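Novice: If you scroll down you'll find the structure; I have some questions about it.
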There are 2 protein chains.
Amino acid sequence: MKITKQGQQIYDLILSSDGHMTAEEILIELKHQNLKIGIATIYRNLNALFTAGYINRVRHPELGYIYDKNKSDHYHFYDKKTKKIYDIDIEYQEKLDRIVEKITGGKVESHSIIFEGILNDKKNND
Amino acid sequence: MKITKQGQQIYDLILSSDGHMTAEEILIELKHQNLKIGIATIYRNLNALFTAGYINRVRHPELGYIYDKNKSDHYHFYDKKTKKIYDIDIEYQEKLDRIVEKITGGKVESHSIIFEGILNDKKNND
DNA sequence: ATGATAATGATAATGATTATCAATATTATA
DNA sequence: TATAATATTGATAATCATTATCATTATCAT
């Protein structure tokens, strides 16, 4: 995959962030950096980066897609107070996939878990 | 909660369905039954039914909200082939919430799991 | 250089959902 | 029961996230 100038800017920004950004946040930040870029280009490059496996994508229940620098299979916590998504570092529950395959007779590729609740004010673990 | 005529029609329809309907599907079906109803009324009542706890709501990765007659804490399977959502009847993994609380120090209200994969053609378990 | 090809970005289009608001239905009260 | 007060409806406009369009611009290969 050939990365373009704009694609690189977007990728760099995600890597330098806490790991979770929406397309809109990326637009605002790159504009702040006085880079000329349009929202269509951002979506186009995010899709390319995602399908090429450079970044991850999660669906936020309110904000649409969140782009995530953490590519590993991992879970998320949605803090209702700050309305932000945080990574949860517990091991992937492989066994659930096998159980569901047994029940349905189908093939499970993966599963995603979103925890929802309230995080403590003090600790702001991204 | 006072249920209106339209609210009742919507609720009845969901109960009589396989359990998973979009607002648009509800509109089409009620129109078929020659009931005069608008999409705004459907969303309004679905929101009311949901917040009052009469029905459940899940986010479909492509189609937006799915309204679900099954109110219990349960998981879902997204079949990439049919693009439909199915209930998965395995027990709620309470222990995951406790683990996450321990890690984050926050309060977990609940979690949702969506399994993704391909279901067998033969069995079409809703 | 120069022509071919690909990427950009402004903007229009789309799809799901919510807001607006005049018309209609329901409820409460005299 | 009439009628005033209040709530709900439904058509439609607005919104929000995302994708499509397409003329312009940048990049690449000769």
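A note on labels: chains of the structure tokens are A, B, ... as shown, every chain counts residues from 1, and ligands are counted from 1 in their shown order.
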Per DSSP on the backbone, what are the strand (DSSP E or B) residues of stretch 20-62 of chain A, as a list in words?
Specialist: His20, Met21, Asn56, Arg57, Val58, Arg59 and His60 of chain A
Novice: Can you work out which residues from chain A touch chain D at a cut-off of 9 Å (counting only C-alpha atoms (C1' of nucleotides)) and hand them back as an mmCIF file with N, CA, C and O atoms, in the first residue's frame?
Specialist:
```cif
data_model
loop_
_atom_site.group_PDB
_atom_site.id
_atom_site.type_symbol
_atom_site.label_atom_id
_atom_site.label_comp_id
_atom_site.auth_asym_id
_atom_site.auth_seq_id
_atom_site.Cartn_x
_atom_site.Cartn_y
_atom_site.Cartn_z
ATOM 1 N N ALA A 40 -13.546 14.543 3.133
ATOM 2 C CA ALA A 40 -13.632 13.374 2.258
ATOM 3 C C ALA A 40 -12.300 12.639 2.203
ATOM 4 O O ALA A 40 -12.255 11.404 2.220
ATOM 5 N N TYR A 43 -11.854 10.594 5.465
ATOM 6 C CA TYR A 43 -12.591 9.324 5.442
ATOM 7 C C TYR A 43 -11.958 8.341 4.469
ATOM 8 O O TYR A 43 -11.812 7.160 4.770
ATOM 9 N N LEU A 63 -21.197 8.485 18.582
ATOM 10 C CA LEU A 63 -20.362 9.311 17.711
ATOM 11 C C LEU A 63 -19.971 8.675 16.389
ATOM 12 O O LEU A 63 -19.162 9.226 15.661
ATOM 13 N N GLY A 64 -20.526 7.521 16.074
ATOM 14 C CA GLY A 64 -20.122 6.871 14.829
ATOM 15 C C GLY A 64 -18.789 6.169 14.977
ATOM 16 O O GLY A 64 -18.462 5.672 16.056
ATOM 17 N N TYR A 65 -18.010 6.152 13.907
ATOM 18 C CA TYR A 65 -16.751 5.418 13.958
ATOM 19 C C TYR A 65 -15.682 6.148 14.761
ATOM 20 O O TYR A 65 -15.537 7.356 14.684
#
```
Novice: For chain B, work out the contacting residues on chain A at 7 Å, counting only C-alpha atoms, and write them as a short mmCIF file (atom, residue, chain, number, x, y, z; two decimals) with all heavy atoms, in the first residue's frame.
Specialist:
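part-v1.cif, written as the output of this step:
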```cif
data_model
loop_
_atom_site.label_atom_id
_atom_site.label_comp_id
_atom_site.auth_asym_id
_atom_site.auth_seq_id
_atom_site.Cartn_x
_atom_site.Cartn_y
_atom_site.Cartn_z
N GLY A 105 -23.81 -23.47 15.13
CA GLY A 105 -23.36 -24.26 14.00
C GLY A 105 -22.73 -23.41 12.92
O GLY A 105 -22.41 -23.89 11.84
N GLY A 106 -22.57 -22.12 13.20
CA GLY A 106 -21.97 -21.21 12.23
C GLY A 106 -20.50 -20.98 12.52
O GLY A 106 -19.91 -21.62 13.40
N LYS A 107 -19.91 -20.05 11.77
CA LYS A 107 -18.50 -19.71 11.96
C LYS A 107 -18.39 -18.32 12.55
O LYS A 107 -18.88 -17.34 11.96
CB LYS A 107 -17.79 -19.75 10.61
CG LYS A 107 -16.32 -19.34 10.66
CD LYS A 107 -15.40 -20.51 10.98
CE LYS A 107 -13.97 -20.05 11.30
NZ LYS A 107 -13.79 -19.62 12.72
N VAL A 108 -17.76 -18.24 13.72
CA VAL A 108 -17.56 -16.94 14.35
C VAL A 108 -16.18 -16.41 13.98
O VAL A 108 -15.19 -17.08 14.21
CB VAL A 108 -17.67 -17.04 15.89
CG1 VAL A 108 -17.26 -15.72 16.54
CG2 VAL A 108 -19.06 -17.45 16.31
N GLU A 109 -16.15 -15.26 13.37
CA GLU A 109 -14.85 -14.67 13.03
C GLU A 109 -14.25 -13.94 14.21
O GLU A 109 -13.05 -13.99 14.44
CB GLU A 109 -15.02 -13.72 11.84
CG GLU A 109 -15.35 -14.45 10.55
CD GLU A 109 -15.60 -13.52 9.38
OE1 GLU A 109 -15.39 -12.31 9.55
OE2 GLU A 109 -16.00 -14.02 8.32
N SER A 110 -15.09 -13.23 14.93
CA SER A 110 -14.60 -12.49 16.09
C SER A 110 -15.80 -11.96 16.86
O SER A 110 -16.93 -12.10 16.42
CB SER A 110 -13.74 -11.30 15.65
OG SER A 110 -14.55 -10.36 14.99
N HIS A 111 -15.51 -11.36 17.97
CA HIS A 111 -16.57 -10.68 18.70
C HIS A 111 -15.99 -9.38 19.25
O HIS A 111 -14.78 -9.24 19.38
CB HIS A 111 -17.13 -11.56 19.83
CG HIS A 111 -16.17 -11.81 20.95
ND1 HIS A 111 -15.45 -12.99 21.08
CD2 HIS A 111 -15.79 -11.05 22.00
CE1 HIS A 111 -14.70 -12.92 22.15
NE2 HIS A 111 -14.88 -11.76 22.75
N SER A 112 -16.88 -8.46 19.53
CA SER A 112 -16.43 -7.23 20.16
C SER A 112 -17.25 -7.01 21.42
O SER A 112 -18.42 -7.37 21.48
CB SER A 112 -16.59 -6.05 19.21
OG SER A 112 -17.94 -5.88 18.89
N ILE A 113 -16.60 -6.44 22.41
CA ILE A 113 -17.29 -6.15 23.67
C ILE A 113 -17.13 -4.68 23.98
O ILE A 113 -16.03 -4.12 23.89
CB ILE A 113 -16.72 -6.97 24.84
CG1 ILE A 113 -16.74 -8.47 24.52
CG2 ILE A 113 -17.53 -6.69 26.11
CD1 ILE A 113 -16.31 -9.36 25.68
N ILE A 114 -18.23 -4.06 24.31
CA ILE A 114 -18.17 -2.69 24.81
C ILE A 114 -18.77 -2.66 26.21
O ILE A 114 -19.93 -3.03 26.40
CB ILE A 114 -18.91 -1.71 23.90
CG1 ILE A 114 -18.25 -1.70 22.52
CG2 ILE A 114 -18.87 -0.30 24.50
CD1 ILE A 114 -18.87 -0.69 21.57
N PHE A 115 -17.94 -2.27 27.15
CA PHE A 115 -18.40 -2.08 28.53
C PHE A 115 -18.91 -0.66 28.63
O PHE A 115 -18.37 0.26 28.00
CB PHE A 115 -17.26 -2.30 29.52
CG PHE A 115 -16.76 -3.71 29.52
CD1 PHE A 115 -15.74 -4.10 28.67
CD2 PHE A 115 -17.32 -4.67 30.37
CE1 PHE A 115 -15.28 -5.42 28.65
CE2 PHE A 115 -16.87 -5.98 30.36
CZ PHE A 115 -15.85 -6.35 29.49
N GLU A 116 -19.93 -0.49 29.45
CA GLU A 116 -20.50 0.84 29.58
C GLU A 116 -20.66 1.16 31.05
O GLU A 116 -21.08 0.30 31.83
CB GLU A 116 -21.86 0.85 28.89
CG GLU A 116 -22.47 2.21 28.76
CD GLU A 116 -23.72 2.19 27.89
OE1 GLU A 116 -23.66 1.65 26.78
OE2 GLU A 116 -24.75 2.71 28.35
N GLY A 117 -20.30 2.36 31.41
CA GLY A 117 -20.41 2.73 32.81
C GLY A 117 -19.78 4.07 33.06
O GLY A 117 -19.68 4.90 32.17
N ILE A 118 -19.36 4.25 34.29
CA ILE A 118 -18.78 5.54 34.68
C ILE A 118 -17.38 5.31 35.20
O ILE A 118 -17.19 4.48 36.10
CB ILE A 118 -19.62 6.21 35.78
CG1 ILE A 118 -21.10 6.14 35.44
CG2 ILE A 118 -19.13 7.63 36.02
CD1 ILE A 118 -21.71 7.36 34.88
N LEU A 119 -16.46 6.03 34.66
CA LEU A 119 -15.08 5.94 35.10
C LEU A 119 -14.84 6.92 36.23
O LEU A 119 -15.56 7.90 36.36
CB LEU A 119 -14.16 6.26 33.92
CG LEU A 119 -13.07 5.25 33.60
CD1 LEU A 119 -13.61 3.82 33.64
CD2 LEU A 119 -12.49 5.54 32.24
N ASN A 120 -13.82 6.67 37.01
CA ASN A 120 -13.49 7.63 38.06
C ASN A 120 -12.95 8.92 37.48
O ASN A 120 -12.29 8.92 36.45
CB ASN A 120 -12.42 7.02 38.98
CG ASN A 120 -13.05 6.13 40.02
OD1 ASN A 120 -14.25 6.20 40.26
ND2 ASN A 120 -12.26 5.28 40.62
#
```
Novice: Would you list which chain A residues are within 7 Å of chain C using only C-alpha atoms (C1' of nucleotides), as a VMD selection string?
Specialist: chain A and resid 37 to 38 40 to 41
Novice: Grab the residues selected above and save them as a compact mmCIF listing (two decimals), in the first residue's frame with N, CA, C and O atoms.
Specialist:
```
# COMPACT_ATOMS: atom_id res chain seq x y z
N ILE A 37 -6.80 20.25 4.12
CA ILE A 37 -7.32 18.90 3.95
C ILE A 37 -8.83 18.92 4.07
O ILE A 37 -9.39 19.76 4.77
N GLY A 38 -9.48 18.04 3.35
CA GLY A 38 -10.94 17.97 3.37
C GLY A 38 -11.43 16.73 4.07
O GLY A 38 -10.70 15.73 4.20
N ALA A 40 -13.55 14.54 3.13
CA ALA A 40 -13.63 13.37 2.26
C ALA A 40 -12.30 12.64 2.20
O ALA A 40 -12.26 11.40 2.22
N THR A 41 -11.24 13.40 2.15
CA THR A 41 -9.91 12.81 2.12
C THR A 41 -9.63 12.05 3.40
O THR A 41 -9.00 10.99 3.40
```
Novice: Applying 12 Å and only C-alpha atoms (C1' of nucleotides), which residues near A:Ile26 remain after dropping the ones on its own chain fewer than 4 positions away? List them as a PyMOL selection string.
Specialist: chain A and resi 6-7+9-17+19-22+30-33+35+37-43+45-46+66-68
